[in-house]
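entry_6.cif follows; it contains mmCIF, C-alpha atoms.
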data_entry
#
loop_
_atom_site.label_atom_id
_atom_site.label_comp_id
_atom_site.auth_asym_id
_atom_site.auth_seq_id
_atom_site.Cartn_x
_atom_site.Cartn_y
_atom_site.Cartn_z
CA MET P 219 -49.81 -67.17 -4.57
CA LEU P 220 -47.81 -70.22 -3.53
CA ARG P 221 -48.88 -72.04 -6.69
CA LYS P 222 -47.75 -69.09 -8.83
CA SER P 223 -44.31 -68.99 -7.19
CA LYS P 224 -43.90 -72.72 -7.83
CA LEU P 225 -44.74 -72.21 -11.47
CA GLN P 226 -42.16 -69.42 -11.66
CA ASP P 227 -39.55 -71.69 -10.06
CA ASN P 228 -40.28 -74.36 -12.69
CA LYS P 229 -40.17 -71.85 -15.53
CA TYR P 230 -38.03 -72.98 -18.45
CA SER P 231 -34.64 -71.27 -18.68
CA VAL P 232 -32.25 -71.73 -21.60
CA SER P 233 -29.19 -71.02 -19.44
CA ARG P 234 -30.38 -73.44 -16.75
CA GLU P 235 -30.94 -76.22 -19.27
CA ALA P 236 -27.57 -75.53 -20.90
CA TRP P 237 -25.86 -75.74 -17.49
CA LYS P 238 -27.57 -79.08 -16.78
CA ARG P 239 -26.25 -80.52 -20.04
CA PHE P 240 -22.79 -79.01 -19.42
CA SER P 241 -22.53 -80.36 -15.85
CA ALA P 242 -23.56 -83.81 -17.08
CA ASP P 243 -20.29 -83.99 -19.06
CA PRO P 244 -17.50 -84.98 -16.59
CA LEU P 245 -14.70 -83.95 -18.96
CA ALA P 246 -16.21 -80.46 -19.40
CA VAL P 247 -16.54 -80.04 -15.63
CA LEU P 248 -12.95 -81.22 -15.18
CA ALA P 249 -11.81 -78.70 -17.81
CA LEU P 250 -13.65 -75.89 -16.01
CA ILE P 251 -11.94 -76.83 -12.73
CA MET P 252 -8.52 -77.03 -14.44
CA LEU P 253 -8.90 -73.62 -16.08
CA THR P 254 -10.23 -72.03 -12.89
CA ALA P 255 -7.16 -73.33 -11.03
CA MET P 256 -4.89 -71.91 -13.73
CA LEU P 257 -6.63 -68.54 -13.58
CA VAL P 258 -6.32 -68.44 -9.78
CA MET P 259 -2.61 -69.29 -10.09
CA ALA P 260 -2.07 -66.49 -12.63
CA LEU P 261 -3.98 -63.93 -10.55
CA ALA P 262 -2.25 -64.90 -7.30
CA ALA P 263 1.27 -64.91 -8.81
CA PRO P 264 2.56 -62.03 -6.57
CA LEU P 265 1.29 -63.91 -3.50
CA LEU P 266 2.75 -67.26 -4.54
CA ALA P 267 6.16 -66.06 -5.80
CA ASN P 268 7.66 -62.83 -4.52
CA PRO P 269 11.13 -61.92 -3.21
CA ARG P 270 9.61 -59.31 -0.85
CA PRO P 271 7.73 -60.10 2.36
CA LEU P 272 3.97 -60.17 2.03
CA LEU P 273 3.63 -59.03 5.63
CA ALA P 274 6.25 -57.77 8.07
CA TYR P 275 6.31 -56.48 11.62
CA SER P 276 8.92 -54.53 13.56
CA LYS P 277 8.75 -52.39 16.70
CA GLU P 278 9.78 -49.28 14.78
CA SER P 279 7.49 -49.58 11.75
CA GLY P 280 4.67 -51.74 13.04
CA ILE P 281 2.86 -53.89 10.46
CA THR P 282 3.91 -53.20 6.85
CA PHE P 283 3.36 -54.76 3.42
CA PRO P 284 6.73 -54.52 1.62
CA PHE P 285 5.42 -56.20 -1.56
CA LEU P 286 2.75 -53.57 -2.24
CA ARG P 287 4.88 -51.11 -4.23
CA SER P 288 5.96 -53.83 -6.65
CA PHE P 289 2.32 -55.02 -6.73
CA PHE P 290 1.05 -51.63 -7.94
CA ALA P 291 4.15 -50.77 -10.00
CA PRO P 292 5.73 -54.11 -11.03
CA GLU P 293 9.33 -54.36 -12.17
CA SER P 294 8.57 -56.11 -15.45
CA THR P 295 9.20 -55.74 -19.15
CA GLU P 296 5.48 -56.37 -19.67
CA TYR P 297 4.28 -53.66 -17.31
CA PHE P 298 0.72 -53.41 -18.64
CA ILE P 299 -0.03 -57.15 -18.41
CA GLU P 300 1.36 -57.42 -14.87
CA GLN P 301 -0.70 -54.43 -13.74
CA LEU P 302 -3.80 -55.83 -15.43
CA PHE P 303 -3.60 -59.16 -13.58
CA ASN P 304 -2.80 -57.44 -10.26
CA TRP P 305 -5.80 -55.15 -10.76
CA LEU P 306 -8.04 -58.15 -11.46
CA LEU P 307 -6.76 -59.83 -8.29
CA LEU P 308 -7.50 -56.68 -6.29
CA ILE P 309 -11.10 -56.34 -7.49
CA SER P 310 -12.03 -60.04 -7.58
CA ILE P 311 -13.24 -60.38 -3.97
CA PRO P 312 -15.08 -57.00 -3.86
CA LEU P 313 -16.90 -57.88 -7.09
CA LEU P 314 -18.04 -61.21 -5.64
CA ALA P 315 -19.30 -59.31 -2.59
CA VAL P 316 -21.25 -56.95 -4.87
CA LEU P 317 -23.09 -59.91 -6.41
CA LYS P 318 -24.12 -61.08 -2.94
CA ILE P 319 -25.07 -57.69 -1.46
CA PHE P 320 -26.90 -55.98 -4.32
CA ARG P 321 -29.96 -57.52 -5.94
CA THR P 322 -30.81 -55.33 -8.94
CA ALA P 323 -28.72 -55.26 -12.12
CA LYS P 324 -28.44 -51.45 -12.06
CA SER P 325 -27.07 -51.31 -8.50
CA ARG P 326 -24.62 -54.14 -9.26
CA ILE P 327 -23.28 -52.36 -12.35
CA THR P 328 -22.92 -49.04 -10.48
CA ALA P 329 -21.15 -50.62 -7.51
CA ALA P 330 -18.85 -52.67 -9.77
CA ALA P 331 -17.90 -49.57 -11.78
CA VAL P 332 -17.05 -47.63 -8.61
CA ILE P 333 -14.93 -50.51 -7.27
CA MET P 334 -13.03 -50.89 -10.54
CA LEU P 335 -12.28 -47.15 -10.78
CA LEU P 336 -11.15 -46.88 -7.15
CA ALA P 337 -8.96 -49.99 -7.51
CA ALA P 338 -7.27 -48.48 -10.58
CA LEU P 339 -6.10 -45.35 -8.71
CA PRO P 340 -3.14 -46.96 -6.83
CA PHE P 341 -1.82 -48.40 -10.11
CA LEU P 342 -1.98 -44.97 -11.76
CA LEU P 343 -0.45 -43.07 -8.83
CA THR P 344 2.37 -45.49 -7.89
CA SER P 345 5.66 -45.14 -9.76
CA PRO P 346 8.19 -47.99 -10.17
CA LYS P 347 11.13 -48.05 -7.78
CA LEU P 348 14.14 -50.32 -8.03
CA GLU P 349 14.64 -52.15 -4.73
CA ARG P 350 17.62 -54.41 -4.20
CA VAL P 351 17.08 -55.56 -0.62
CA ASP P 352 17.84 -59.25 -0.18
CA TYR P 353 15.09 -60.13 2.28
CA ARG P 354 15.85 -63.86 2.08
CA ASN P 355 19.32 -63.49 3.58
CA GLN P 356 18.66 -60.40 5.69
CA ALA P 357 18.66 -61.01 9.42
CA VAL P 358 15.32 -60.43 11.16
CA PRO P 359 15.70 -58.13 14.23
CA GLU P 360 14.66 -59.43 17.62
CA GLY P 361 10.92 -59.12 18.17
CA ALA P 362 10.22 -58.71 14.44
CA TRP P 363 8.81 -61.22 11.98
CA ARG P 364 8.11 -61.62 8.28
CA ILE P 365 5.76 -63.68 6.15
CA MET P 366 7.32 -64.58 2.81
CA ALA P 367 5.67 -66.09 -0.26
CA TYR P 368 5.86 -69.86 -0.78
CA LEU P 369 8.48 -69.21 -3.49
CA PRO P 370 10.54 -66.22 -2.25
CA TYR P 371 12.04 -65.45 -5.66
CA GLY P 372 11.31 -63.13 -8.56
CA PRO P 373 10.91 -64.25 -12.19
CA PHE P 374 14.12 -62.46 -13.24
CA GLU P 375 16.36 -63.31 -10.24
CA GLN P 376 19.39 -65.54 -10.83
CA ILE P 377 19.56 -67.38 -7.53
CA ALA P 378 21.05 -70.83 -8.25
CA ASP P 379 23.25 -72.84 -10.61
CA PRO P 380 22.14 -72.98 -14.25
CA LEU P 381 19.95 -75.99 -15.16
CA LEU P 382 19.72 -77.05 -11.51
CA PRO P 383 17.40 -80.11 -11.34
CA PRO P 384 14.38 -80.06 -9.02
CA ASP P 385 15.15 -80.12 -5.31
CA ARG P 386 13.49 -79.09 -2.05
CA GLN P 387 14.41 -75.40 -2.42
CA HIS P 388 13.46 -75.21 -6.10
CA PRO P 389 10.59 -77.71 -6.69
CA LEU P 390 10.81 -77.54 -10.50
CA GLY P 391 14.51 -76.75 -10.79
CA CYS P 392 16.12 -73.73 -12.44
CA ASP P 393 16.56 -72.56 -16.03
CA GLU P 394 19.70 -71.94 -18.07
CA LEU P 395 20.44 -68.70 -16.15
CA GLY P 396 19.72 -70.05 -12.66
CA ARG P 397 16.22 -68.55 -12.36
CA ASP P 398 13.60 -70.55 -10.46
CA LEU P 399 11.53 -72.43 -13.05
CA ALA P 400 8.38 -72.70 -10.91
CA VAL P 401 8.30 -68.92 -10.49
CA ARG P 402 8.73 -68.37 -14.22
CA ILE P 403 6.01 -70.92 -15.03
CA ILE P 404 3.60 -69.13 -12.68
CA TYR P 405 4.30 -65.74 -14.25
CA GLY P 406 4.32 -67.34 -17.69
CA SER P 407 0.70 -68.38 -17.13
CA ARG P 408 -0.16 -64.68 -17.13
CA ILE P 409 1.41 -64.27 -20.57
CA SER P 410 -0.38 -67.29 -22.05
CA LEU P 411 -3.79 -66.39 -20.60
CA ALA P 412 -3.42 -62.72 -21.59
CA VAL P 413 -2.51 -63.61 -25.17
CA GLY P 414 -5.19 -66.29 -25.41
CA VAL P 415 -8.09 -64.34 -23.91
CA ILE P 416 -7.32 -60.81 -25.16
CA ALA P 417 -6.28 -61.80 -28.69
CA THR P 418 -9.26 -64.13 -29.09
CA SER P 419 -11.62 -61.48 -27.68
CA LEU P 420 -10.37 -58.91 -30.19
CA ALA P 421 -10.59 -61.39 -33.05
CA MET P 422 -14.07 -62.42 -31.93
CA ILE P 423 -15.29 -58.81 -31.79
CA ILE P 424 -13.88 -57.95 -35.22
CA GLY P 425 -15.09 -61.17 -36.85
CA ALA P 426 -18.50 -61.15 -35.17
CA VAL P 427 -19.24 -57.52 -36.10
CA LEU P 428 -18.18 -58.02 -39.72
CA GLY P 429 -19.90 -61.40 -40.06
CA ILE P 430 -23.16 -60.31 -38.45
CA PHE P 431 -23.57 -57.22 -40.61
CA SER P 432 -22.47 -59.16 -43.68
CA GLY P 433 -25.13 -61.80 -43.14
CA PHE P 434 -27.80 -59.34 -42.02
CA LYS P 435 -27.35 -56.63 -44.65
CA GLY P 436 -26.23 -58.74 -47.62
CA GLY P 437 -25.74 -57.01 -50.97
CA TRP P 438 -22.40 -55.51 -52.03
CA TYR P 439 -21.14 -55.40 -48.42
CA ASP P 440 -21.53 -59.17 -48.11
CA ILE P 441 -19.90 -59.77 -51.51
CA LEU P 442 -16.84 -57.59 -50.77
CA LEU P 443 -16.29 -59.00 -47.26
CA MET P 444 -16.56 -62.63 -48.34
CA ARG P 445 -14.13 -62.07 -51.23
CA LEU P 446 -11.67 -60.51 -48.75
CA VAL P 447 -12.08 -63.48 -46.39
CA GLU P 448 -11.48 -65.94 -49.24
CA ILE P 449 -8.29 -64.11 -50.25
CA LEU P 450 -6.95 -64.13 -46.68
CA MET P 451 -7.79 -67.82 -46.27
CA CYS P 452 -5.44 -68.61 -49.14
CA PHE P 453 -2.48 -67.73 -46.89
CA PRO P 454 -1.33 -70.25 -44.24
CA VAL P 455 -2.20 -68.50 -40.98
CA PHE P 456 0.96 -69.41 -39.07
CA LEU P 457 3.20 -68.39 -41.98
CA LEU P 458 1.34 -65.07 -42.06
CA LEU P 459 1.99 -64.70 -38.31
CA LEU P 460 5.71 -65.31 -38.80
CA ILE P 461 5.92 -62.75 -41.63
CA ILE P 462 4.12 -60.04 -39.67
CA MET P 463 6.15 -60.69 -36.49
CA GLY P 464 9.36 -60.62 -38.53
CA ILE P 465 8.41 -57.21 -39.94
CA LEU P 466 7.56 -55.92 -36.45
CA GLN P 467 10.90 -57.16 -35.10
CA ASP P 468 12.70 -55.21 -37.83
CA HIS P 469 10.90 -52.11 -36.53
CA LYS P 470 11.86 -52.88 -32.88
CA PHE P 471 8.38 -53.90 -31.68
CA GLU P 472 9.49 -57.35 -30.52
CA GLN P 473 9.67 -56.48 -26.82
CA SER P 474 5.94 -55.99 -26.33
CA ILE P 475 3.36 -58.69 -25.81
CA LEU P 476 0.87 -56.23 -27.26
CA ALA P 477 2.42 -56.83 -30.68
CA VAL P 478 1.83 -60.59 -30.33
CA ILE P 479 -1.76 -60.01 -29.21
CA GLY P 480 -2.41 -57.62 -32.09
CA VAL P 481 -0.96 -59.94 -34.73
CA ILE P 482 -2.88 -63.00 -33.51
CA ALA P 483 -6.10 -60.96 -33.37
CA ALA P 484 -5.49 -59.54 -36.85
CA THR P 485 -5.22 -63.05 -38.32
CA GLY P 486 -7.83 -64.77 -36.14
CA TRP P 487 -11.01 -62.92 -37.08
CA ILE P 488 -11.43 -64.61 -40.48
CA GLY P 489 -13.00 -67.86 -39.28
CA MET P 490 -15.20 -65.98 -36.81
CA ALA P 491 -16.57 -63.76 -39.57
CA GLN P 492 -17.49 -66.79 -41.67
CA LEU P 493 -19.19 -68.60 -38.78
CA THR P 494 -21.25 -65.64 -37.62
CA ARG P 495 -22.29 -64.81 -41.19
CA GLY P 496 -23.51 -68.37 -41.70
CA GLU P 497 -25.41 -68.40 -38.40
CA VAL P 498 -27.08 -65.06 -39.17
CA LEU P 499 -28.11 -66.27 -42.64
CA LYS P 500 -29.61 -69.39 -41.03
CA GLN P 501 -31.47 -67.38 -38.37
CA ARG P 502 -32.85 -64.96 -40.98
CA GLU P 503 -34.76 -67.83 -42.60
CA MET P 504 -36.30 -69.07 -39.34
CA VAL P 505 -40.06 -68.78 -38.83
CA TYR P 506 -39.82 -66.52 -35.77
CA ILE P 507 -37.79 -63.95 -37.75
CA LYS P 508 -40.27 -64.02 -40.64
CA SER P 509 -43.11 -63.54 -38.13
CA ALA P 510 -41.35 -60.61 -36.46
CA GLN P 511 -40.77 -58.98 -39.83
CA ALA P 512 -44.44 -59.43 -40.73
CA LEU P 513 -45.39 -57.68 -37.48
CA GLY P 514 -43.23 -54.70 -38.43
CA VAL P 515 -40.32 -55.21 -36.01
CA SER P 516 -37.41 -52.94 -36.96
CA GLY P 517 -34.14 -54.31 -38.30
CA ILE P 518 -32.14 -53.13 -35.27
CA SER P 519 -34.57 -54.82 -32.90
CA LEU P 520 -34.44 -58.02 -34.96
CA LEU P 521 -30.67 -58.02 -34.82
CA PHE P 522 -30.10 -57.23 -31.15
CA ARG P 523 -33.18 -58.81 -29.53
CA HIS P 524 -33.70 -61.90 -31.66
CA ILE P 525 -30.70 -62.90 -33.78
CA LEU P 526 -27.78 -62.08 -31.45
CA PRO P 527 -29.13 -64.03 -28.42
CA ASN P 528 -29.62 -67.07 -30.64
CA ILE P 529 -26.04 -67.11 -31.94
CA LEU P 530 -24.42 -66.38 -28.57
CA GLY P 531 -23.88 -70.07 -27.83
CA MET P 532 -21.96 -70.55 -31.07
CA VAL P 533 -19.82 -67.50 -30.27
CA MET P 534 -18.94 -68.89 -26.82
CA ILE P 535 -17.99 -72.27 -28.27
CA THR P 536 -15.78 -70.66 -30.93
CA PHE P 537 -14.20 -68.41 -28.30
CA SER P 538 -13.12 -71.38 -26.16
CA PHE P 539 -11.48 -73.17 -29.09
CA GLY P 540 -9.95 -69.86 -30.23
CA VAL P 541 -8.23 -69.28 -26.88
CA ALA P 542 -6.57 -72.70 -27.11
CA GLY P 543 -5.37 -71.88 -30.63
CA ALA P 544 -4.05 -68.47 -29.59
CA ILE P 545 -2.07 -69.96 -26.68
CA LEU P 546 -0.51 -72.51 -29.04
CA SER P 547 0.30 -69.77 -31.58
CA GLU P 548 2.00 -67.60 -28.95
CA SER P 549 4.04 -70.55 -27.65
CA ALA P 550 5.07 -71.55 -31.17
CA LEU P 551 6.10 -67.97 -32.01
CA SER P 552 8.10 -67.70 -28.76
CA PHE P 553 9.72 -71.09 -29.41
CA LEU P 554 10.89 -69.85 -32.82
CA GLY P 555 12.08 -66.53 -31.36
CA PHE P 556 9.35 -64.37 -32.93
CA GLY P 557 7.01 -64.09 -29.95
CA VAL P 558 7.42 -62.77 -26.42
CA GLN P 559 11.07 -61.89 -25.94
CA PRO P 560 13.41 -62.56 -22.97
CA PRO P 561 13.57 -61.90 -20.09
CA THR P 562 9.76 -62.15 -20.01
CA ALA P 563 8.65 -65.59 -18.82
CA SER P 564 6.92 -67.55 -21.59
CA TRP P 565 6.23 -71.28 -21.80
CA GLY P 566 7.29 -71.36 -25.45
CA GLY P 567 10.47 -69.44 -24.61
CA MET P 568 11.31 -71.96 -21.88
CA LEU P 569 10.94 -74.83 -24.34
CA ARG P 570 13.22 -72.98 -26.72
CA SER P 571 15.88 -72.61 -23.99
CA ALA P 572 15.83 -76.39 -23.44
CA PHE P 573 16.08 -77.21 -27.15
CA GLY P 574 19.89 -77.11 -27.27
CA ASP P 575 20.40 -79.74 -24.54
CA PRO P 576 17.10 -81.53 -23.82
CA LEU P 577 18.71 -84.29 -21.71
CA SER P 578 20.37 -81.97 -19.21
CA ALA P 579 17.38 -79.59 -19.28
CA TRP P 580 14.70 -82.27 -19.12
CA HIS P 581 12.78 -80.35 -16.45
CA MET P 582 12.65 -77.29 -18.73
CA THR P 583 10.99 -79.42 -21.39
CA LEU P 584 8.66 -81.41 -19.14
CA PHE P 585 7.06 -78.77 -16.91
CA PRO P 586 6.39 -75.97 -19.47
CA GLY P 587 5.13 -78.68 -21.85
CA LEU P 588 2.72 -79.96 -19.19
CA MET P 589 1.46 -76.42 -18.61
CA LEU P 590 0.80 -75.99 -22.33
CA PHE P 591 -1.04 -79.32 -22.39
CA TRP P 592 -3.05 -78.24 -19.34
CA ALA P 593 -4.14 -74.96 -20.94
CA VAL P 594 -4.85 -76.23 -24.47
CA ALA P 595 -6.60 -79.41 -23.36
CA GLY P 596 -8.64 -77.45 -20.83
CA PHE P 597 -9.97 -74.92 -23.36
CA ASN P 598 -10.63 -77.60 -25.98
CA LEU P 599 -12.56 -79.78 -23.51
CA LEU P 600 -14.44 -76.69 -22.32
CA GLY P 601 -15.38 -75.86 -25.90
CA GLU P 602 -16.60 -79.41 -26.49
CA GLY P 603 -18.70 -79.21 -23.32
CA LEU P 604 -20.20 -75.89 -24.43
CA ARG P 605 -20.99 -77.39 -27.84
CA LYS P 606 -22.96 -80.20 -26.20
CA ALA P 607 -24.65 -77.75 -23.83
CA PHE P 608 -25.86 -75.32 -26.49
CA ASP P 609 -26.50 -77.87 -29.22
CA PRO P 610 -28.20 -80.98 -27.76
CA LYS P 611 -28.47 -82.52 -31.27
CA SER P 612 -24.65 -82.81 -31.33
CA GLN P 613 -24.83 -85.58 -28.70
CA LYS P 614 -26.84 -87.85 -30.97
#
Can you give me the file's structure in the form of structure tokens?
Amino acid sequence: MLRKSKLQDNKYSVSREAWKRFSADPLAVLALIMLTAMLVMALAAPLLANPRPLLAYSKESGITFPFLRSFFAPESTEYFIEQLFNWLLLISIPLLAVLKIFRTAKSRITAAAVIMLLAALPFLLTSPKLERVDYRNQAVPEGAWRIMAYLPYGPFEQIADPLLPPDRQHPLGCDELGRDLAVRIIYGSRISLAVGVIATSLAMIIGAVLGIFSGFKGGWYDILLMRLVEILMCFPVFLLLLIIMGILQDHKFEQSILAVIGVIAATGWIGMAQLTRGEVLKQREMVYIKSAQALGVSGISLLFRHILPNILGMVMITFSFGVAGAILSESALSFLGFGVQPPTASWGGMLRSAFGDPLSAWHMTLFPGLMLFWAVAGFNLLGEGLRKAFDPKSQK
């Protein structure tokens, strides 16, 4: 029995071998740490930067959490994105606990679904409420206390002189309207990650579905799809983005980040469709597929049990590079005035604000630029690490 368990422990695992190759690349590990830190910063934005106390105590009210209403019903022009990140922050720790407590996949999925549904209820039942209490300058009664965020400001609050350089109170300075730049960079990370991940996910789903069925079915479907892809590839992608965003702005859709996500996804599926089609065509000619067909395995089983698992690595690699491209596209659109619109915090929008006077607004050029470099370099290095992990021949 002991010998059998040892053999099971030494059993070959594709994911385990891929992780060994990935962890052997120091740049890929560094990228994973960088992106994890950025994700934690984006999720914890209401805890890091908030004008309301995170925790307060008074003899009359006892212990209260004044920031909770704005947490469940944020005062933001991008209401959906703010709620999405707050919801992810709320369920993150319970979901980690589920992985530790439950052992079977079925129980984990059930518990995770219950947690996600219960966590969504406060966001659905809480309505926004404008609150103009200046907690920073309000006197604390005797016997009471408050715990404020590290940066006790909101992303839309004008609390200092315009273009104030970095100081002790405002570590990264202030923007052209006197808003704290560090706070806006933290909330801007939510915009960049949302655009990058959601837009790339949509593009990946559309491109993968079309490419897989094109390569698997062939015939007239393959011919029509590939001709469409070739036509769309004749257009410069960024120029196409500008044209579509210009049309949407004429129809008053410019205030929503959902428009930016939709446009980037609508133009980003083309390369994914080509890649997945090529991989499926290659897999179809492999010996194991020919053997399965000879044994009478159905087409659906071939597709979902044999072909899809073998192209998953390529999809993950393409996804990582795609997120970096989507973040750059969103920042470029915002810099040109076609992307996320003010007052929403966007790294590209901050760079645009500093364009008129880059010497006086050097901090508005430096810090958002560093954040963009952090995100794009991180996803590119992660993609390179995944390429080496899933394709050992690429290291030779």
What separation in Å, quoted to one decimal, exists between CA of Ser325 in chain P and CA of Ala337 in chain P?
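Computing the Euclidean distance for CA of Ser325 in chain P and CA of Ala337 in chain P yields 18.2 Å.
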Show me, as a tab-separated table (two decimals) with C-alpha atoms, in the frame of the given file, the residues that have an atom within 9 Å of range 527-532 of chain P when counting all atoms listed in the file, minus same-chain residues fewer than 6 positions from it.
chain	number	residue	atom	x	y	z
P	493	LEU	CA	-19.19	-68.60	-38.78
P	494	THR	CA	-21.25	-65.64	-37.62
P	497	GLU	CA	-25.41	-68.40	-38.40
P	498	VAL	CA	-27.08	-65.06	-39.17
P	501	GLN	CA	-31.47	-67.38	-38.37
P	521	LEU	CA	-30.67	-58.02	-34.82
P	604	LEU	CA	-20.20	-75.89	-24.43
P	605	ARG	CA	-20.99	-77.39	-27.84
P	607	ALA	CA	-24.65	-77.75	-23.83
P	608	PHE	CA	-25.86	-75.32	-26.49
P	609	ASP	CA	-26.50	-77.87	-29.22
Would you list the contacts of Ala291 in chain P as a ChimeraX atom specification, taking every protein, DNA or RNA residue within 9 Å and counting only C-alpha atoms, but skipping same-chain residues closer than 6 positions in sequence?
/P:297,300-301,340-342,344-347
Write the selection just made, keeping C-alpha atoms, as a PDB file, in the frame of the given file?
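Below is the file result19.pdb, written as the result:
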ATOM      1  CA  TYR P 297       4.280 -53.660 -17.310  1.00  0.00           C
ATOM      2  CA  GLU P 300       1.360 -57.420 -14.870  1.00  0.00           C
ATOM      3  CA  GLN P 301      -0.700 -54.430 -13.740  1.00  0.00           C
ATOM      4  CA  PRO P 340      -3.140 -46.960  -6.830  1.00  0.00           C
ATOM      5  CA  PHE P 341      -1.820 -48.400 -10.110  1.00  0.00           C
ATOM      6  CA  LEU P 342      -1.980 -44.970 -11.760  1.00  0.00           C
ATOM      7  CA  THR P 344       2.370 -45.490  -7.890  1.00  0.00           C
ATOM      8  CA  SER P 345       5.660 -45.140  -9.760  1.00  0.00           C
ATOM      9  CA  PRO P 346       8.190 -47.990 -10.170  1.00  0.00           C
ATOM     10  CA  LYS P 347      11.130 -48.050  -7.780  1.00  0.00           C
TER      11      LYS P 347
END
Can you work out the spacing between CA of Phe539 in chain P and CA of Ile475 in chain P in Å, to one decimal?
21.0 Å
Reference answer for the PyMOL selection byres ((chain P and resi 354) around 10), as an MDAnalysis selection string:
chainID P and resid 269:271 351:353 355:358 366 370:371
Contacts of Leu317 in chain P within 10 Å, only C-alpha atoms, excl. fewer than 3 positions in-chain, as a PyMOL selection string:
chain P and resi 312-314+320-323+325-327+329-330
Give me the result of the PyMOL selection byres ((chain P and resi 245) around 12) on this file, residue by residue, as a list of chain:residue names.
P:Phe240, P:Ser241, P:Ala242, P:Asp243, P:Pro244, P:Ala246, P:Val247, P:Leu248, P:Ala249, P:Leu250, P:Ile251, P:Met252, P:Ala595, P:Gly596, P:Phe597, P:Asn598, P:Leu599, P:Leu600, P:Gly601, P:Glu602, P:Gly603, P:Leu604, P:Lys606
Please write as a count of residues only the full residue list that the PyMOL selection byres ((chain P and resi 568-573) around 8) yields on this file.
19
Would you mind reading off the distance between CA of Arg350 in chain P and CA of Glu278 in chain P, one decimal, in Å?
21.2 Å
Rank P:Leu308, P:Ala362, P:Leu395, P:Leu261 by their smallest atom-to-atom distance to Lys277 in chain P, using all atoms listed in the file, and report the top residue only.
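Ranking P:Leu308, P:Ala362, P:Leu395, P:Leu261 by distance to Lys277 in chain P, first place goes to P:Ala362.
Distances from P:Ile430, P:Ala262, P:Ala542, P:Ile525 to Met504 in chain P were compared using all atoms listed in the file, and the smallest one belongs to P:Ile525.
Between Leu369 in chain P and the residues P:Glu548, P:Glu503, P:Asp398, P:Glu235, the shortest atom-to-atom distance, using only C-alpha atoms, involves P:Asp398.
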Between P:Ser410, P:Leu335, P:Phe285, P:Val594, single out the one closest to Leu265 in chain P, counting all atoms listed in the file.
P:Phe285
Pick out the residues sitting within 8 Å of Gln492 in chain P, and hand them over as a count of residues only; count all atoms listed in the file, and ignore anything fewer than 4 positions along from it in its own chain.
6
Given all atoms listed in the file as the basis, pick out the residue of P:Ser276, P:Pro384, P:Asp440, P:Lys238 nearest to Ala400 in chain P.
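The shortest atom-to-atom distance to Ala400 in chain P comes from P:Pro384.
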Shell of 12 Å around Leu450 in chain P, all atoms listed in the file, local chain residues under 4 positions omitted, as a list in words
Leu443, Met444, Arg445, Leu446, Pro454, Val455, Leu457, Leu458, Ala484, Thr485, Gly486, Trp487, Ile488, Gly489, Ala491 and Gln492 of chain P
Counting only C-alpha atoms, which residue out of P:Thr295, P:Phe283, P:Ile518, P:Thr418 sits closest to Arg364 in chain P?
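Of the candidates, the smallest distance to Arg364 in chain P is held by P:Phe283.
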